[in-house]
Amino acid sequence: MTDECVFCRIISGEIPSNTVYDDGEIVAFRDVQPIAPTHILIVPRRHISGVNELAPGDEALVGRIVLVARQLAQKEGIDESGYRLVVNCGPDGGQAVMHLHLHLIGGRKLDDSLG
Ligand code: AMP
């Protein structure tokens with residue numbers, strides 16, 4: 001937990017969020033500026049700044065984050081229509097919040113472009 005990190009503050013309950021999943025290790029909440037009908041952020045409770053800070057031993061955590069995304073896609077009813085999972089990394093990747101997160105985006109036809 002870091003005091004400056006907005007996602008740590010959401011996880012601790014200091015900042016309100018629309019939380020849709022919490023298993024004690026992984027938390028998911030709706031993006032405050034959604035770009036599609038479903039836009040959920042799936043984050044580890046432990047503060048990890050981003051992909052570059054992942055370490056050996058984090059394999060299961062990363063795998064579980066993806067499986068939570070899949071579970072939420074089913075719950076949102078977008079598993080058949082399709083969805084996009086995105087992890088931005090660093091300045092060129094467009095990462096604004098330095099706490100590892102996976103975007104689950106769907107509910108409409110997404111642009112073919114990956115940027
Ligand atoms: P990224 O650009 O990959 O770092 O994405 C950060 C995402 O966090 C953006 O889509 C923001 O809209 C979202 N975000 C920032 N602050 C909040 C918040 N307080 N609650 C929910 N989502 C947020």
# chains A, B, ... in the order shown; residues from 1 in each chain; ligands from 1
>>> select_by_dssp(residues="chain A", states="alpha helix (DSSP H)", output="JSON, numbers by chain")
{"A": [6, 7, 8, 9, 10, 11, 59, 60, 61, 62, 63, 64, 65, 66, 67, 68, 69, 70, 71, 72, 73, 74, 75, 76, 90, 91, 92, 93]}
>>> write_last_selection(atoms="N, CA, C and O atoms", output="compact mmCIF listing (two decimals), in the first residue's frame")
# COMPACT_ATOMS: atom_id res chain seq x y z
N VAL A 6 -3.55 5.89 -6.26
CA VAL A 6 -5.02 5.99 -6.27
C VAL A 6 -5.65 4.60 -6.16
O VAL A 6 -6.69 4.44 -5.48
N PHE A 7 -5.05 3.59 -6.78
CA PHE A 7 -5.67 2.26 -6.71
C PHE A 7 -5.47 1.64 -5.31
O PHE A 7 -6.37 0.95 -4.81
N CYS A 8 -4.35 1.90 -4.66
CA CYS A 8 -4.19 1.44 -3.27
C CYS A 8 -5.25 2.10 -2.38
O CYS A 8 -5.81 1.46 -1.49
N ARG A 9 -5.54 3.35 -2.66
CA ARG A 9 -6.54 4.07 -1.85
C ARG A 9 -7.95 3.56 -2.14
O ARG A 9 -8.80 3.54 -1.26
N ILE A 10 -8.20 3.12 -3.37
CA ILE A 10 -9.49 2.48 -3.68
C ILE A 10 -9.58 1.15 -2.95
O ILE A 10 -10.58 0.82 -2.32
N ILE A 11 -8.50 0.36 -3.01
CA ILE A 11 -8.49 -0.97 -2.39
C ILE A 11 -8.70 -0.86 -0.88
O ILE A 11 -9.40 -1.68 -0.28
N GLU A 59 3.80 -15.45 -11.15
CA GLU A 59 3.13 -16.11 -12.29
C GLU A 59 1.67 -16.44 -11.96
O GLU A 59 0.77 -16.21 -12.78
N ALA A 60 1.45 -17.01 -10.79
CA ALA A 60 0.10 -17.43 -10.43
C ALA A 60 -0.82 -16.22 -10.30
O ALA A 60 -1.98 -16.26 -10.73
N LEU A 61 -0.29 -15.16 -9.73
CA LEU A 61 -1.09 -13.93 -9.56
C LEU A 61 -1.53 -13.40 -10.92
O LEU A 61 -2.71 -13.08 -11.13
N VAL A 62 -0.59 -13.32 -11.85
CA VAL A 62 -0.91 -12.79 -13.19
C VAL A 62 -1.93 -13.70 -13.88
O VAL A 62 -2.90 -13.23 -14.49
N GLY A 63 -1.74 -14.99 -13.74
CA GLY A 63 -2.69 -15.94 -14.32
C GLY A 63 -4.07 -15.78 -13.73
O GLY A 63 -5.08 -15.80 -14.44
N ARG A 64 -4.13 -15.58 -12.44
CA ARG A 64 -5.43 -15.43 -11.78
C ARG A 64 -6.10 -14.12 -12.19
O ARG A 64 -7.32 -14.07 -12.30
N ILE A 65 -5.33 -13.08 -12.42
CA ILE A 65 -5.91 -11.81 -12.88
C ILE A 65 -6.64 -12.03 -14.21
O ILE A 65 -7.77 -11.56 -14.41
N VAL A 66 -6.02 -12.79 -15.10
CA VAL A 66 -6.65 -13.06 -16.40
C VAL A 66 -7.90 -13.93 -16.22
O VAL A 66 -8.94 -13.70 -16.85
N LEU A 67 -7.82 -14.89 -15.32
CA LEU A 67 -8.99 -15.75 -15.09
C LEU A 67 -10.14 -14.98 -14.44
O LEU A 67 -11.31 -15.24 -14.74
N VAL A 68 -9.82 -14.02 -13.59
CA VAL A 68 -10.87 -13.16 -13.02
C VAL A 68 -11.51 -12.34 -14.14
O VAL A 68 -12.74 -12.18 -14.19
N ALA A 69 -10.69 -11.84 -15.07
CA ALA A 69 -11.23 -11.08 -16.21
C ALA A 69 -12.20 -11.95 -17.00
O ALA A 69 -13.30 -11.51 -17.37
N ARG A 70 -11.81 -13.18 -17.24
CA ARG A 70 -12.68 -14.09 -17.99
C ARG A 70 -14.01 -14.33 -17.24
O ARG A 70 -15.09 -14.30 -17.82
N GLN A 71 -13.90 -14.52 -15.94
CA GLN A 71 -15.10 -14.73 -15.11
C GLN A 71 -16.02 -13.51 -15.16
O GLN A 71 -17.24 -13.64 -15.30
N LEU A 72 -15.42 -12.32 -15.08
CA LEU A 72 -16.23 -11.10 -15.11
C LEU A 72 -16.84 -10.88 -16.49
O LEU A 72 -17.96 -10.38 -16.61
N ALA A 73 -16.12 -11.27 -17.55
CA ALA A 73 -16.66 -11.16 -18.90
C ALA A 73 -17.92 -12.02 -19.02
O ALA A 73 -18.93 -11.59 -19.60
N GLN A 74 -17.88 -13.20 -18.44
CA GLN A 74 -19.06 -14.08 -18.45
C GLN A 74 -20.20 -13.42 -17.68
O GLN A 74 -21.33 -13.39 -18.12
N LYS A 75 -19.85 -12.88 -16.51
CA LYS A 75 -20.87 -12.26 -15.65
C LYS A 75 -21.51 -11.05 -16.33
O LYS A 75 -22.70 -10.78 -16.17
N GLU A 76 -20.71 -10.32 -17.11
CA GLU A 76 -21.19 -9.14 -17.81
C GLU A 76 -21.96 -9.51 -19.08
O GLU A 76 -22.52 -8.64 -19.75
N GLY A 90 4.15 1.86 -18.89
CA GLY A 90 5.07 2.98 -19.08
C GLY A 90 4.49 4.10 -19.93
O GLY A 90 3.35 4.02 -20.40
N PRO A 91 5.28 5.15 -20.13
CA PRO A 91 4.79 6.35 -20.83
C PRO A 91 4.32 6.07 -22.26
O PRO A 91 3.22 6.48 -22.64
N ASP A 92 5.10 5.35 -23.05
CA ASP A 92 4.69 5.09 -24.42
C ASP A 92 3.48 4.16 -24.49
O ASP A 92 2.71 4.21 -25.45
N GLY A 93 3.34 3.32 -23.48
CA GLY A 93 2.19 2.41 -23.44
C GLY A 93 0.93 3.07 -22.92
O GLY A 93 -0.15 2.47 -22.95
>>> residues_near_ligand(ligand="ligand 1", cutoff="9 Å", atoms="only C-alpha atoms and all ligand atoms", output="VMD selection string")
chain A and resid 6 to 7 9 to 10 15 to 18 29 to 35 39 to 41 86 to 90 93 to 103
>>> select_by_dssp(residues="chain A", states="strand (DSSP E or B)", output="list in words")
Thr19, Val20, Tyr21, Asp22, Ile26, Val27, Ala28, Phe29, Arg30, Thr38, His39, Ile40, Leu41, Ile42, Val43, Pro44, Tyr83, Arg84, Leu85, Val86, Leu102, His103, Leu104, Ile105 and Gly106 of chain A
>>> atom_distance(atom1="CA of Lys109 (chain A)", atom2="CA of Pro37 (chain A)")
10.4 Å
>>> closest_residue(among="A:Val43, A:Ser49, A:Thr2, A:Tyr83", to="Asp112 (chain A)", atoms="only C-alpha atoms")
A:Tyr83
>>> decode(residues="region 1-51 of chain A", atoms="C-alpha atoms", output="PDB file, in the first residue's frame")
ATOM      1  CA  MET A   1       0.000   0.000   0.000  1.00  0.00           C
ATOM      2  CA  THR A   2       1.325   3.404  -0.911  1.00  0.00           C
ATOM      3  CA  ASP A   3      -0.398   6.602   0.195  1.00  0.00           C
ATOM      4  CA  GLU A   4       0.029   8.286  -3.192  1.00  0.00           C
ATOM      5  CA  CYS A   5      -1.387   5.427  -5.266  1.00  0.00           C
ATOM      6  CA  VAL A   6      -5.016   5.987  -6.266  1.00  0.00           C
ATOM      7  CA  PHE A   7      -5.668   2.257  -6.706  1.00  0.00           C
ATOM      8  CA  CYS A   8      -4.189   1.445  -3.273  1.00  0.00           C
ATOM      9  CA  ARG A   9      -6.538   4.069  -1.854  1.00  0.00           C
ATOM     10  CA  ILE A  10      -9.487   2.480  -3.685  1.00  0.00           C
ATOM     11  CA  ILE A  11      -8.491  -0.975  -2.392  1.00  0.00           C
ATOM     12  CA  SER A  12      -8.261   0.320   1.185  1.00  0.00           C
ATOM     13  CA  GLY A  13     -11.716   1.909   0.846  1.00  0.00           C
ATOM     14  CA  GLU A  14     -10.388   5.442   1.265  1.00  0.00           C
ATOM     15  CA  ILE A  15     -11.611   6.379  -2.230  1.00  0.00           C
ATOM     16  CA  PRO A  16     -15.057   5.064  -3.223  1.00  0.00           C
ATOM     17  CA  SER A  17     -15.328   2.789  -6.221  1.00  0.00           C
ATOM     18  CA  ASN A  18     -17.842   0.584  -7.939  1.00  0.00           C
ATOM     19  CA  THR A  19     -16.262  -2.711  -6.895  1.00  0.00           C
ATOM     20  CA  VAL A  20     -17.490  -5.794  -8.737  1.00  0.00           C
ATOM     21  CA  TYR A  21     -15.059  -8.410  -7.398  1.00  0.00           C
ATOM     22  CA  ASP A  22     -12.823  -8.947  -4.370  1.00  0.00           C
ATOM     23  CA  ASP A  23     -11.254 -12.231  -3.298  1.00  0.00           C
ATOM     24  CA  GLY A  24      -8.706 -10.857  -0.860  1.00  0.00           C
ATOM     25  CA  GLU A  25      -5.877 -10.990  -3.410  1.00  0.00           C
ATOM     26  CA  ILE A  26      -7.467  -9.427  -6.487  1.00  0.00           C
ATOM     27  CA  VAL A  27      -9.957  -6.559  -6.674  1.00  0.00           C
ATOM     28  CA  ALA A  28     -11.963  -5.379  -9.692  1.00  0.00           C
ATOM     29  CA  PHE A  29     -13.875  -2.126 -10.030  1.00  0.00           C
ATOM     30  CA  ARG A  30     -15.493  -0.169 -12.832  1.00  0.00           C
ATOM     31  CA  ASP A  31     -13.357   2.412 -14.603  1.00  0.00           C
ATOM     32  CA  VAL A  32     -14.433   5.936 -13.665  1.00  0.00           C
ATOM     33  CA  GLN A  33     -14.141   7.003 -17.338  1.00  0.00           C
ATOM     34  CA  PRO A  34     -15.436   3.984 -19.236  1.00  0.00           C
ATOM     35  CA  ILE A  35     -14.722   3.749 -22.944  1.00  0.00           C
ATOM     36  CA  ALA A  36     -17.264   0.967 -23.496  1.00  0.00           C
ATOM     37  CA  PRO A  37     -20.407  -0.373 -21.768  1.00  0.00           C
ATOM     38  CA  THR A  38     -18.165  -2.769 -19.823  1.00  0.00           C
ATOM     39  CA  HIS A  39     -14.898  -1.267 -18.641  1.00  0.00           C
ATOM     40  CA  ILE A  40     -13.535  -2.915 -15.527  1.00  0.00           C
ATOM     41  CA  LEU A  41     -10.071  -2.696 -13.991  1.00  0.00           C
ATOM     42  CA  ILE A  42      -8.676  -5.857 -12.396  1.00  0.00           C
ATOM     43  CA  VAL A  43      -5.863  -5.164  -9.949  1.00  0.00           C
ATOM     44  CA  PRO A  44      -3.775  -7.039  -7.410  1.00  0.00           C
ATOM     45  CA  ARG A  45      -4.345  -5.894  -3.838  1.00  0.00           C
ATOM     46  CA  ARG A  46      -0.558  -5.784  -3.361  1.00  0.00           C
ATOM     47  CA  HIS A  47       1.055  -2.669  -4.831  1.00  0.00           C
ATOM     48  CA  ILE A  48       2.981  -3.624  -7.966  1.00  0.00           C
ATOM     49  CA  SER A  49       3.783  -0.590 -10.113  1.00  0.00           C
ATOM     50  CA  GLY A  50       3.454  -2.351 -13.434  1.00  0.00           C
ATOM     51  CA  VAL A  51       4.577  -5.192 -15.662  1.00  0.00           C
TER      52      VAL A  51
END
